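Heads up, data-v7.cif below (mmCIF, C-alpha atoms and all ligand atoms):
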```
data_run
loop_
_atom_site.label_atom_id
_atom_site.label_comp_id
_atom_site.auth_asym_id
_atom_site.auth_seq_id
_atom_site.Cartn_x
_atom_site.Cartn_y
_atom_site.Cartn_z
CA MET Y 185 81.10 33.92 12.60
CA ALA Y 186 81.61 30.57 10.91
CA ASP Y 187 84.97 28.89 11.33
CA HIS Y 188 87.50 29.01 8.54
CA PRO Y 189 87.12 25.77 6.53
CA VAL Y 190 90.58 24.59 7.65
CA ILE Y 191 89.65 25.06 11.31
CA SER Y 192 86.40 23.14 10.76
CA ALA Y 193 88.35 20.35 9.08
CA VAL Y 194 90.86 20.19 11.96
CA LYS Y 195 88.04 20.11 14.53
CA LEU Y 196 86.43 17.25 12.65
CA ALA Y 197 89.73 15.37 12.34
CA LEU Y 198 90.32 15.70 16.10
CA LYS Y 199 87.06 13.81 16.71
CA ASN Y 200 88.90 10.74 15.46
CA VAL Y 201 91.80 11.14 17.89
CA LYS Y 202 91.30 9.38 21.23
CA VAL Y 203 92.44 10.71 24.60
CA PRO Y 204 93.54 8.16 27.24
CA ASP Y 205 90.01 7.61 28.63
CA GLY Y 206 88.85 6.60 25.16
CA SER Y 207 86.79 9.70 24.40
CA ALA Y 208 87.42 11.95 21.42
CA LEU Y 209 90.00 14.75 21.58
CA GLY Y 210 87.58 16.88 19.56
CA ASP Y 211 85.16 16.79 22.53
CA TYR Y 212 87.83 17.03 25.23
CA ALA Y 213 87.37 20.02 27.56
CA GLY Y 214 91.10 20.75 27.68
CA LEU Y 215 91.38 21.38 23.95
CA SER Y 216 92.16 25.05 23.30
CA ASP Y 217 90.95 27.22 20.45
CA ILE Y 218 92.56 26.39 17.16
CA ILE Y 219 94.75 29.20 15.92
CA LEU Y 220 95.12 29.45 12.18
CA THR Y 221 97.64 31.65 10.42
CA PRO Y 222 98.78 31.63 6.80
CA SER Y 223 101.67 29.34 7.72
CA ALA Y 224 100.71 27.60 10.95
CA ILE Y 225 97.99 25.85 12.88
CA ALA Y 226 98.44 25.83 16.65
CA PHE Y 227 96.44 24.46 19.53
CA ALA Y 228 97.07 23.23 23.03
CA ILE Y 229 95.83 20.27 25.01
CA ALA Y 230 95.63 21.06 28.73
CA VAL Y 231 96.17 18.01 30.89
CA GLU Y 232 96.30 17.25 34.59
CA PRO Y 233 99.82 17.58 35.97
CA GLY Y 234 101.51 14.21 35.70
CA MET Y 235 99.45 13.19 32.65
CA GLU Y 236 101.84 14.72 30.10
CA GLY Y 237 103.40 11.34 29.28
CA ALA Y 238 100.05 9.64 28.80
CA PHE Y 239 99.10 12.36 26.35
CA GLY Y 240 102.29 11.95 24.31
CA PRO Y 241 100.66 9.63 21.75
CA VAL Y 242 97.63 11.94 21.64
CA GLN Y 243 99.92 14.82 20.70
CA VAL Y 244 101.46 12.74 17.91
CA ALA Y 245 98.07 11.59 16.61
CA ALA Y 246 96.60 15.10 16.85
CA THR Y 247 99.54 16.53 14.92
CA LYS Y 248 99.10 13.93 12.19
CA ALA Y 249 95.34 14.49 12.03
CA ALA Y 250 95.75 18.26 11.78
CA GLU Y 251 98.53 17.94 9.22
CA ALA Y 252 96.22 15.99 6.96
CA CYS Y 253 94.01 19.06 6.61
CA SER Y 254 96.58 21.81 7.15
CA GLU Y 255 96.98 22.67 3.45
CA GLY Y 256 100.73 22.85 3.90
CA ARG Y 257 100.79 24.76 7.17
CA LYS Y 258 103.13 23.88 10.03
CA VAL Y 259 101.22 22.26 12.91
CA LEU Y 260 102.17 23.11 16.50
CA VAL Y 261 100.40 21.03 19.14
CA SER Y 262 101.29 21.81 22.74
CA ILE Y 263 100.63 19.76 25.84
CA THR Y 264 100.23 22.02 28.82
CA SER Y 265 99.68 21.41 32.50
CA ASP Y 266 99.04 24.59 34.40
CA ARG Y 267 99.97 23.68 37.94
CA ALA Y 268 103.50 24.04 39.29
CA PRO Y 269 105.44 20.79 39.11
CA ALA Y 270 105.04 18.43 42.04
CA ASN Y 271 108.54 19.07 43.37
CA ALA Y 272 107.97 22.85 43.67
CA LYS Y 273 108.00 23.98 47.24
CA GLY Y 274 107.61 27.39 48.86
CA ASN Y 275 107.96 30.77 47.15
CA GLY Y 276 105.19 30.20 44.66
CA ALA Y 277 105.47 28.21 41.49
CA MET Y 278 109.22 28.31 41.13
CA GLY Y 279 110.52 27.87 44.67
CA GLY Y 280 113.02 25.02 44.76
CA THR Y 281 111.83 23.77 41.41
CA LYS Y 282 114.13 21.51 39.41
CA LYS Y 283 114.10 21.19 35.68
CA SER Y 284 112.13 18.19 34.62
CA PRO Y 285 114.78 15.76 33.40
CA ASN Y 286 112.86 14.37 30.45
CA GLN Y 287 112.13 17.80 29.01
CA ALA Y 288 115.28 19.81 29.73
CA THR Y 289 117.33 17.84 27.28
CA PRO Y 290 119.98 19.40 25.08
CA VAL Y 291 119.01 20.29 21.53
CA LYS Y 292 120.88 18.24 18.96
CA GLY Y 293 123.61 20.20 17.22
CA ILE Y 294 123.54 23.15 19.63
CA LYS Y 295 126.45 23.35 22.08
CA LYS Y 296 125.20 26.16 24.33
CA ILE Y 297 121.90 27.94 24.74
CA ILE Y 298 121.81 31.21 26.63
CA ALA Y 299 118.95 33.55 27.44
CA ILE Y 300 119.00 37.33 27.37
CA ALA Y 301 116.56 38.52 29.99
CA SER Y 302 115.46 41.49 32.04
CA GLY Y 303 112.91 42.16 34.70
CA LYS Y 304 111.66 45.32 33.05
CA GLY Y 305 110.58 45.85 29.44
CA GLY Y 306 112.25 48.13 26.94
CA VAL Y 307 115.73 48.04 28.46
CA GLY Y 308 117.37 46.73 25.29
CA LYS Y 309 117.27 42.92 25.51
CA SER Y 310 116.52 42.45 21.84
CA THR Y 311 119.10 45.03 20.81
CA CYS Y 312 121.68 43.25 22.99
CA SER Y 313 120.62 39.79 21.77
CA VAL Y 314 121.22 40.71 18.15
CA ASN Y 315 124.44 42.67 18.62
CA LEU Y 316 125.92 40.12 21.01
CA ALA Y 317 125.02 37.38 18.55
CA LEU Y 318 126.84 39.27 15.79
CA SER Y 319 129.87 39.86 18.01
CA LEU Y 320 129.97 36.17 18.93
CA LYS Y 321 129.84 35.35 15.24
CA ASP Y 322 132.78 37.70 14.68
CA LEU Y 323 134.73 35.55 17.14
CA GLY Y 324 134.37 32.74 14.62
CA LEU Y 325 131.45 31.01 16.33
CA LYS Y 326 128.34 29.60 14.66
CA VAL Y 327 125.47 31.53 16.18
CA GLY Y 328 121.68 31.38 16.15
CA VAL Y 329 119.06 33.70 17.60
CA LEU Y 330 115.62 32.60 18.73
CA ASP Y 331 113.02 35.25 19.40
CA ALA Y 332 111.15 34.00 22.45
CA ASP Y 333 109.04 37.12 22.74
CA LEU Y 334 105.67 35.98 21.42
CA TYR Y 335 103.89 39.10 22.54
CA GLY Y 336 106.33 41.57 21.02
CA PRO Y 337 108.66 39.79 18.63
CA SER Y 338 111.32 42.19 17.43
CA ILE Y 339 114.11 40.01 16.04
CA PRO Y 340 112.71 40.00 12.47
CA LYS Y 341 112.79 43.79 12.39
CA LEU Y 342 116.20 44.06 14.01
CA LEU Y 343 117.73 41.63 11.53
CA GLY Y 344 115.78 42.89 8.54
CA ILE Y 345 114.03 39.55 8.08
CA GLU Y 346 110.95 39.44 5.92
CA GLY Y 347 108.44 36.80 4.92
CA LYS Y 348 107.44 33.60 6.63
CA PRO Y 349 109.76 30.81 7.62
CA ALA Y 350 109.90 27.94 5.19
CA PHE Y 351 109.79 24.36 6.31
CA ARG Y 352 111.16 21.20 4.87
CA ASP Y 353 109.31 18.10 3.75
CA ASP Y 354 109.93 16.52 7.14
CA LYS Y 355 108.19 19.57 8.70
CA LEU Y 356 111.29 21.03 10.33
CA PHE Y 357 111.52 24.79 10.00
CA LYS Y 358 114.36 26.23 8.00
CA PRO Y 359 115.74 29.11 10.04
CA PHE Y 360 116.14 32.53 8.46
CA GLU Y 361 119.69 33.54 7.64
CA ALA Y 362 120.69 37.16 8.21
CA HIS Y 363 124.08 38.84 8.57
CA GLY Y 364 125.71 35.44 9.08
CA LEU Y 365 123.30 34.40 11.84
CA LYS Y 366 120.57 31.78 11.85
CA ALA Y 367 117.38 33.21 13.25
CA MET Y 368 113.91 32.05 14.08
CA SER Y 369 110.89 33.94 15.34
CA ILE Y 370 107.27 33.12 15.74
CA GLY Y 371 106.52 36.74 14.84
CA PRO Y 372 106.14 36.25 11.10
CA MET Y 373 103.69 33.40 11.70
CA LEU Y 374 101.33 35.40 13.84
CA GLN Y 375 98.92 37.98 12.59
CA GLY Y 376 97.60 41.00 14.43
CA ASP Y 377 96.84 40.25 18.04
CA GLN Y 378 96.79 36.47 17.73
CA ALA Y 379 99.64 36.12 20.21
CA VAL Y 380 97.42 37.52 22.92
CA VAL Y 381 95.44 34.28 23.08
CA TRP Y 382 98.58 32.23 23.71
CA ARG Y 383 98.40 31.70 27.43
CA GLY Y 384 101.63 31.24 29.38
CA PRO Y 385 101.95 27.43 29.26
CA MET Y 386 100.81 27.26 25.66
CA ALA Y 387 103.23 29.97 24.65
CA SER Y 388 106.19 28.31 26.33
CA SER Y 389 105.26 24.98 24.86
CA ALA Y 390 105.08 26.51 21.36
CA LEU Y 391 108.49 28.05 21.93
CA ARG Y 392 110.00 24.74 22.97
CA GLN Y 393 108.65 23.28 19.78
CA LEU Y 394 110.02 26.14 17.74
CA LEU Y 395 113.40 25.51 19.34
CA ARG Y 396 113.36 21.78 18.73
CA GLU Y 397 111.67 21.70 15.36
CA THR Y 398 114.02 24.07 13.61
CA ASP Y 399 116.88 22.74 11.57
CA TRP Y 400 119.62 24.80 13.24
CA GLY Y 401 122.41 22.62 11.88
CA GLU Y 402 125.52 22.85 14.06
CA LEU Y 403 125.61 25.88 16.37
CA ASP Y 404 128.18 26.85 18.96
CA ILE Y 405 125.66 29.05 20.68
CA LEU Y 406 121.98 29.92 20.44
CA ILE Y 407 120.78 33.16 21.97
CA MET Y 408 117.20 33.29 23.16
CA ASP Y 409 115.73 36.76 23.41
CA LEU Y 410 113.22 36.43 26.25
CA PRO Y 411 110.16 38.54 26.83
CA PRO Y 412 110.44 40.94 29.78
CA GLY Y 413 109.50 39.86 33.25
CA THR Y 414 109.50 36.87 35.53
CA GLY Y 415 106.21 35.24 34.64
CA ASP Y 416 104.90 31.87 33.51
CA ILE Y 417 106.67 31.87 30.16
CA GLN Y 418 110.11 32.51 31.61
CA ILE Y 419 109.67 29.97 34.39
CA SER Y 420 108.35 27.27 32.18
CA LEU Y 421 111.02 27.85 29.51
CA CYS Y 422 113.73 27.68 32.14
CA GLN Y 423 112.37 24.39 33.38
CA SER Y 424 112.32 22.82 29.99
CA VAL Y 425 115.30 24.22 28.11
CA GLU Y 426 118.86 23.31 28.99
CA PHE Y 427 120.23 26.84 29.37
CA SER Y 428 123.96 27.20 29.92
CA GLY Y 429 123.28 30.57 31.45
CA VAL Y 430 121.45 33.86 31.30
CA VAL Y 431 122.62 37.41 30.72
CA VAL Y 432 120.51 40.01 32.50
CA VAL Y 433 120.20 43.43 30.87
CA SER Y 434 119.27 46.51 32.84
CA THR Y 435 119.41 50.27 32.51
CA PRO Y 436 121.07 52.13 35.38
CA GLN Y 437 117.71 53.30 36.74
CA ASP Y 438 116.69 52.11 40.19
CA LEU Y 439 113.37 50.76 38.96
CA ALA Y 440 114.96 48.67 36.25
CA LEU Y 441 117.57 47.43 38.71
CA ILE Y 442 114.93 46.31 41.21
CA ASP Y 443 113.31 44.24 38.46
CA ALA Y 444 116.69 42.95 37.29
CA LYS Y 445 117.38 41.70 40.82
CA LYS Y 446 114.04 39.89 40.80
CA ALA Y 447 114.93 38.27 37.49
CA MET Y 448 118.36 37.19 38.71
CA ASP Y 449 116.80 35.78 41.84
CA MET Y 450 114.36 33.77 39.73
CA PHE Y 451 117.10 32.32 37.52
CA THR Y 452 119.19 31.37 40.51
CA ARG Y 453 116.25 29.52 42.05
CA LEU Y 454 115.70 27.74 38.76
CA ASN Y 455 119.33 26.59 38.77
CA ILE Y 456 120.21 28.63 35.68
CA PRO Y 457 123.65 30.22 36.08
CA VAL Y 458 123.58 34.00 35.74
CA LEU Y 459 126.52 34.73 33.43
CA GLY Y 460 126.42 38.37 34.40
CA MET Y 461 124.79 41.73 34.00
CA VAL Y 462 124.94 44.26 31.19
CA GLU Y 463 124.19 47.94 31.77
CA ASN Y 464 122.51 49.28 28.64
CA MET Y 465 121.85 52.96 27.95
CA SER Y 466 124.62 53.44 30.45
CA TYR Y 467 125.58 56.99 29.45
CA PHE Y 468 125.09 59.35 26.54
CA ILE Y 469 127.80 61.13 24.60
CA ALA Y 470 126.39 64.15 22.77
CA PRO Y 471 127.38 63.76 19.13
CA ASP Y 472 127.94 67.50 18.67
CA THR Y 473 129.93 68.43 21.80
CA GLY Y 474 131.31 65.04 22.84
CA LYS Y 475 130.03 65.83 26.34
CA ARG Y 476 128.97 62.87 28.41
CA TYR Y 477 125.59 62.78 30.17
CA ASP Y 478 124.53 60.12 32.65
CA ILE Y 479 120.87 60.33 31.74
CA PHE Y 480 119.61 57.50 33.89
CA GLY Y 481 122.44 57.66 36.39
CA HIS Y 482 125.41 55.40 35.83
CA GLY Y 483 127.04 52.37 37.35
CA GLY Y 484 123.94 50.99 39.09
CA ALA Y 485 124.14 47.64 37.32
CA LYS Y 486 127.78 47.19 38.24
CA GLN Y 487 126.97 47.95 41.85
CA THR Y 488 124.02 45.56 41.82
CA ALA Y 489 126.11 42.81 40.21
CA ASN Y 490 128.80 43.31 42.85
CA GLN Y 491 126.25 43.19 45.65
CA MET Y 492 124.84 39.96 44.30
CA GLY Y 493 128.25 38.40 43.73
CA LEU Y 494 127.68 38.28 39.97
CA GLU Y 495 129.92 39.28 37.13
CA PHE Y 496 129.44 42.70 35.57
CA LEU Y 497 129.89 42.10 31.85
CA GLY Y 498 130.04 45.68 30.64
CA GLU Y 499 128.16 48.78 29.63
CA ILE Y 500 126.63 49.93 26.37
CA PRO Y 501 126.14 53.67 25.81
CA LEU Y 502 122.89 55.22 24.71
CA HIS Y 503 123.54 56.15 21.13
CA MET Y 504 121.27 57.38 18.36
CA SER Y 505 122.86 55.09 15.80
CA ILE Y 506 122.09 52.00 17.91
CA ARG Y 507 118.40 52.83 17.68
CA GLU Y 508 118.43 54.05 14.09
CA LEU Y 509 120.35 51.07 12.79
CA SER Y 510 118.16 48.69 14.78
CA ASP Y 511 115.10 50.18 13.14
CA ALA Y 512 116.75 49.81 9.75
CA GLY Y 513 117.47 46.10 10.20
CA THR Y 514 121.25 46.55 10.04
CA PRO Y 515 122.45 46.40 13.64
CA ILE Y 516 125.36 48.59 14.66
CA CYS Y 517 127.70 45.59 14.78
CA VAL Y 518 126.99 45.07 11.06
CA ASP Y 519 126.81 48.67 9.90
CA LYS Y 520 129.53 50.25 12.07
CA PRO Y 521 131.68 47.37 13.30
CA ASP Y 522 134.55 49.73 14.12
CA SER Y 523 132.48 52.09 16.29
CA GLY Y 524 132.98 52.36 20.04
CA GLU Y 525 129.44 51.04 20.56
CA ALA Y 526 130.13 47.91 18.50
CA SER Y 527 133.32 47.36 20.44
CA SER Y 528 131.36 47.56 23.72
CA PHE Y 529 129.22 44.68 22.47
CA ALA Y 530 132.32 42.82 21.29
CA GLN Y 531 133.97 43.02 24.72
CA ILE Y 532 130.86 41.64 26.42
CA ALA Y 533 130.54 38.87 23.82
CA ARG Y 534 134.15 37.85 24.42
CA LYS Y 535 133.51 37.55 28.17
CA ILE Y 536 130.42 35.43 27.51
CA ALA Y 537 132.29 33.15 25.11
CA GLN Y 538 135.14 32.76 27.60
CA ASN Y 539 132.71 32.08 30.41
CA LEU Y 540 131.18 29.28 28.37
CA ASP Y 541 134.53 27.87 27.23
CA LEU Y 542 133.68 28.57 23.60
CA ILE Y 543 136.96 30.37 22.87
N1 LIG W 1 122.04 51.51 23.75
C1 LIG W 1 121.00 52.01 23.08
N2 LIG W 1 121.06 53.23 22.52
C2 LIG W 1 120.00 53.76 21.86
N3 LIG W 1 118.82 53.14 21.73
C3 LIG W 1 118.70 51.92 22.27
C4 LIG W 1 119.78 51.28 22.97
N4 LIG W 1 119.34 50.06 23.39
C5 LIG W 1 118.08 49.93 22.97
N5 LIG W 1 117.68 51.04 22.31
C6 LIG W 1 116.35 51.30 21.74
O1 LIG W 1 115.41 51.19 22.80
C7 LIG W 1 114.22 50.54 22.35
C8 LIG W 1 113.98 49.28 23.20
O2 LIG W 1 115.03 48.35 22.92
P1 LIG W 1 114.74 46.79 22.78
O3 LIG W 1 113.58 46.53 21.92
O4 LIG W 1 116.02 46.14 22.46
O5 LIG W 1 114.35 46.49 24.30
P2 LIG W 1 113.72 45.17 24.91
O6 LIG W 1 114.24 45.08 26.30
O7 LIG W 1 113.96 44.03 24.02
O8 LIG W 1 112.19 45.55 24.92
P3 LIG W 1 110.97 44.56 25.22
O9 LIG W 1 110.97 44.42 26.71
O10 LIG W 1 109.80 45.33 24.70
O11 LIG W 1 111.25 43.27 24.52
C9 LIG W 1 114.43 50.27 20.88
O12 LIG W 1 113.87 51.34 20.15
C10 LIG W 1 115.94 50.28 20.72
O13 LIG W 1 116.36 50.65 19.42
MG MG W 2 112.56 42.68 23.15
#
```
Written as C-alpha cells, that's how I'd like the structure from this file.
Amino acid sequence: MADHPVISAVKLALKNVKVPDGSALGDYAGLSDIILTPSAIAFAIAVEPGMEGAFGPVQVAATKAAEACSEGRKVLVSITSDRAPANAKGNGAMGGTKKSPNQATPVKGIKKIIAIASGKGGVGKSTCSVNLALSLKDLGLKVGVLDADLYGPSIPKLLGIEGKPAFRDDKLFKPFEAHGLKAMSIGPMLQGDQAVVWRGPMASSALRQLLRETDWGELDILIMDLPPGTGDIQISLCQSVEFSGVVVVSTPQDLALIDAKKAMDMFTRLNIPVLGMVENMSYFIAPDTGKRYDIFGHGGAKQTANQMGLEFLGEIPLHMSIRELSDAGTPICVDKPDSGEASSFAQIARKIAQNLDLI
C-alpha cells in the first residue's frame, strides 16, 4: 500500500537531515517507521548507547523538517538507545542503575511527580490515579494527571475527556481540563492498534516528551498512571523522570501481591522512594444486606507493606459505584464526594500529601 502523502513528504524531508557521519537520516538504518495520526507524527531514531548527545541536533533538525510537512500535526521525535546504561550492573538492565543526570531533570512548574504503579494489570491503578488526584485537589493543591499507559490508556474515559489535545503556536500541548484537574493522555492521539508498534524505548521517550512538552502551568503534584508491570517502559521512565515517589496498588490476592513486591523491588533499585502501598478491592459490602465479604482475602497488602518496611497507605473497598462512575467519566470523588469510598481515597491522598510535604 502506498504511503500517506504526509508520510512520503516526511520521508523525503528526512533525506535532507544529516546524521553525525554525514549521511542522510532518511537512509539511516535506525530510523523507525513513521506513525501518522490525525493530530501527530511520531518516529524514533535508534542510536548506539552513548550517542544520544551527538544525535541531539539531529532530533531538532528532524523535528523541524517533519513539522514543515506535518499539516499542523504535533511532531514527536524520540532518540532511543536500547541497551542498558553503562553504569548498570548485575540483576539485568536495572541492577544498580542510576538516573542519568542530564535527563532526570525536574519539569518546570511542577513541584512533585509521583507514579501510580502495580506489578499486575487490572488492580485499579487508573481508578486510584484519578480519585487520588481529585482528593489531592480537594486539599487545595493544583493537580495534573498524565496517562502513561500507551497500550491501554484509560484516563480520558475515567475523566470523561473527549477529542484530541490542542496545541499552541509554540507546539506545546494544552492539557485537557476536567473536574478541576489538568490531564494529558496519548490515547486520543492514537488510533486503533497503533500503540502496539511503539516499542519500549520509543514509548518511554514519547512519554517523556508528552510530559515536557505540555503546558502544565504551575502544579503542586503530577500523577503519572503507569502501565502494569516492570518492563522497559517503567524502567526507562524511572531513569529519566524525577519522581518524588511511587504508590504501589495491589489487590489482596497472593498473585497480585507477588507482582507488587516485584514492582516495589524494582523502584527501590531505581532509587525511587516507595511512598507506600494501597490495597484496592479490599473488601465488599453488599449494598442490600450491608454484609461484608472479603472476596479476594483481606489485609495482604498491609502485611506485605509491613514485611517490606513500607508504609501502608490504606484500603479501598470493592464497590459497584466505583466501577459504574468510572465508566461514566464522573469518578466517585466527583459524583459522591461524601461517600465512604471517596473518604477512603481522601485519607490516602492526605497521607501522600503529608509524605511529600505538600500540606
Ligand atoms: N475499588 C473498586 N471497586 C469496583 N471496581 C473497581 C475498583 N477499582 C477498580 N475497579 C474497576 O476495575 C477495573 C480495572 O480498574 P483500572 O482500570 O483502574 O485498573 P488498572 O490497574 O489501571 O488496569 P490496567 O493494568 O489495565 O491499566 C475497572 O473496570 C474499574 O472500574
Ligand atoms: Mg490502567
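The contact shell of ligand MG 2 (chain W), defined as all polymer residues within 8 Å when all atoms listed in the file are used, comprises Gly305, Gly306, Gly308, Lys309, Ser310, Thr311, Asp333, Gly336, Pro337, Ser338, Ile339, Asp409, Leu410, Pro411 and Pro412 of chain Y.
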Taking C-alpha atoms for each residue, export the selection above as a short mmCIF file (atom, residue, chain, number, x, y, z; two decimals), in the frame of the given file.
```cif
data_model
loop_
_atom_site.label_atom_id
_atom_site.label_comp_id
_atom_site.auth_asym_id
_atom_site.auth_seq_id
_atom_site.Cartn_x
_atom_site.Cartn_y
_atom_site.Cartn_z
CA GLY Y 305 110.58 45.85 29.44
CA GLY Y 306 112.25 48.13 26.94
CA GLY Y 308 117.37 46.73 25.29
CA LYS Y 309 117.27 42.92 25.51
CA SER Y 310 116.52 42.45 21.84
CA THR Y 311 119.10 45.03 20.81
CA ASP Y 333 109.04 37.12 22.74
CA GLY Y 336 106.33 41.57 21.02
CA PRO Y 337 108.66 39.79 18.63
CA SER Y 338 111.32 42.19 17.43
CA ILE Y 339 114.11 40.01 16.04
CA ASP Y 409 115.73 36.76 23.41
CA LEU Y 410 113.22 36.43 26.25
CA PRO Y 411 110.16 38.54 26.83
CA PRO Y 412 110.44 40.94 29.78
#
```
Considering all atoms listed in the file, state which residue in the set Y:Leu494, Y:Pro241, Y:Thr289, Y:Asp404 is at the smallest distance from Leu320 (chain Y).
Y:Asp404
Contacts of Ser223 (chain Y) at 10 Å (all atoms listed in the file; same-chain gap of 2+ positions) as a PyMOL selection string
chain Y and resi 220-221+225+254-259+348-351+372-374
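We find atom P2 of ligand LIG 1 (chain W) and CA of Lys341 (chain Y) to be spaced 12.6 Å apart.
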May I have the residues within 12 Å of Ala245 (chain Y) as a PyMOL selection string, using only C-alpha atoms and disregarding those fewer than 2 positions away in the same chain?
chain Y and resi 197-203+208-209+239-243+247-252+259+261
Spatial sel., origin (109.0, 38.6, 34.1), limit 9 Å, only C-alpha atoms, listed as a PyMOL selection string:
chain Y and resi 301-305+411-419+443+446-447
Please write the residues from the selection above to a file, keeping C-alpha atoms, as an mmCIF file, keeping the file's coordinate frame.
```cif
data_model
loop_
_atom_site.group_PDB
_atom_site.id
_atom_site.type_symbol
_atom_site.label_atom_id
_atom_site.label_comp_id
_atom_site.auth_asym_id
_atom_site.auth_seq_id
_atom_site.Cartn_x
_atom_site.Cartn_y
_atom_site.Cartn_z
ATOM 1 C CA ALA Y 301 116.560 38.520 29.990
ATOM 2 C CA SER Y 302 115.460 41.490 32.040
ATOM 3 C CA GLY Y 303 112.910 42.160 34.700
ATOM 4 C CA LYS Y 304 111.660 45.320 33.050
ATOM 5 C CA GLY Y 305 110.580 45.850 29.440
ATOM 6 C CA PRO Y 411 110.160 38.540 26.830
ATOM 7 C CA PRO Y 412 110.440 40.940 29.780
ATOM 8 C CA GLY Y 413 109.500 39.860 33.250
ATOM 9 C CA THR Y 414 109.500 36.870 35.530
ATOM 10 C CA GLY Y 415 106.210 35.240 34.640
ATOM 11 C CA ASP Y 416 104.900 31.870 33.510
ATOM 12 C CA ILE Y 417 106.670 31.870 30.160
ATOM 13 C CA GLN Y 418 110.110 32.510 31.610
ATOM 14 C CA ILE Y 419 109.670 29.970 34.390
ATOM 15 C CA ASP Y 443 113.310 44.240 38.460
ATOM 16 C CA LYS Y 446 114.040 39.890 40.800
ATOM 17 C CA ALA Y 447 114.930 38.270 37.490
#
```
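When all atoms listed in the file are used to compute distances to ligand LIG 1 (chain W), the closest of the residues Y:Phe451, Y:Tyr467, Y:Phe427, Y:Phe360 turns out to be Y:Tyr467.
Look at Ile218 (chain Y): the protein and nucleic acid residues within 8 Å of it, using all atoms listed in the file and passing over chain neighbours fewer than 4 places away, are Ile191, Ile225, Ala226 and Phe227 of chain Y.
Comparing the minimum interatomic distances between Leu441 (chain Y) and each of Y:Gly234, Y:Glu397, Y:Met492, Y:Ile407, counting only C-alpha atoms, we find that Y:Met492 sits nearest.
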I need the residue nearest ligand LIG 1 (chain W) from this list: Y:Pro233, Y:Gly460, Y:Gly293, Y:Pro515. Use only C-alpha atoms and all ligand atoms for the distance.
Y:Pro515
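Within 10 Å of region 365-367 of chain Y, once only C-alpha atoms are used and residues closer than 5 positions along the same chain are dropped, the contacting residues are Val314, Ala317, Leu318, Leu320, Lys321, Leu325, Lys326, Val327, Gly328, Val329, Leu330, Asp331, Ile339, Pro340, Leu343, Ile345, Pro349, Lys358, Pro359, Phe360, Thr398, Asp399, Trp400, Gly401, Leu403, Leu406, Ile407 and Met408 of chain Y.
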Please write out, as AutoDock Vina command-line options, where the centre of an axis-aligned box around all listed atoms of ligand LIG 1 (chain W) lies and how long its edges are, in Å to one decimal, after adding 4 Å on each side.
```
--center_x 115.9 --center_y 48.5 --center_z 23.1 --size_x 20.2 --size_y 18.5 --size_z 15.3
```
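The spacing separating CA of Tyr335 (chain Y) from CA of Ala390 (chain Y) amounts to 12.7 Å.
Distance check against Asn490 (chain Y) using all atoms listed in the file: of Y:His503, Y:Lys292, Y:Lys445, Y:Lys520, the minimum falls on Y:Lys445.
Of the residues listed (Y:Gln487, Y:Ser192, Y:Ser265, Y:Ser313), Y:Ser313 shows the shortest atom-to-atom separation from Val433 (chain Y); distances use all atoms listed in the file.
Here atom O11 of ligand LIG 1 (chain W) and CA of Pro436 (chain Y) stand 17.1 Å from one another.
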Residues at most 10 Å from Ala533 (chain Y), counting all atoms listed in the file, excluding those fewer than 6 positions away in the same chain, as number ranges by chain?
Y: 312, 315-323, 497-498, 527, 539
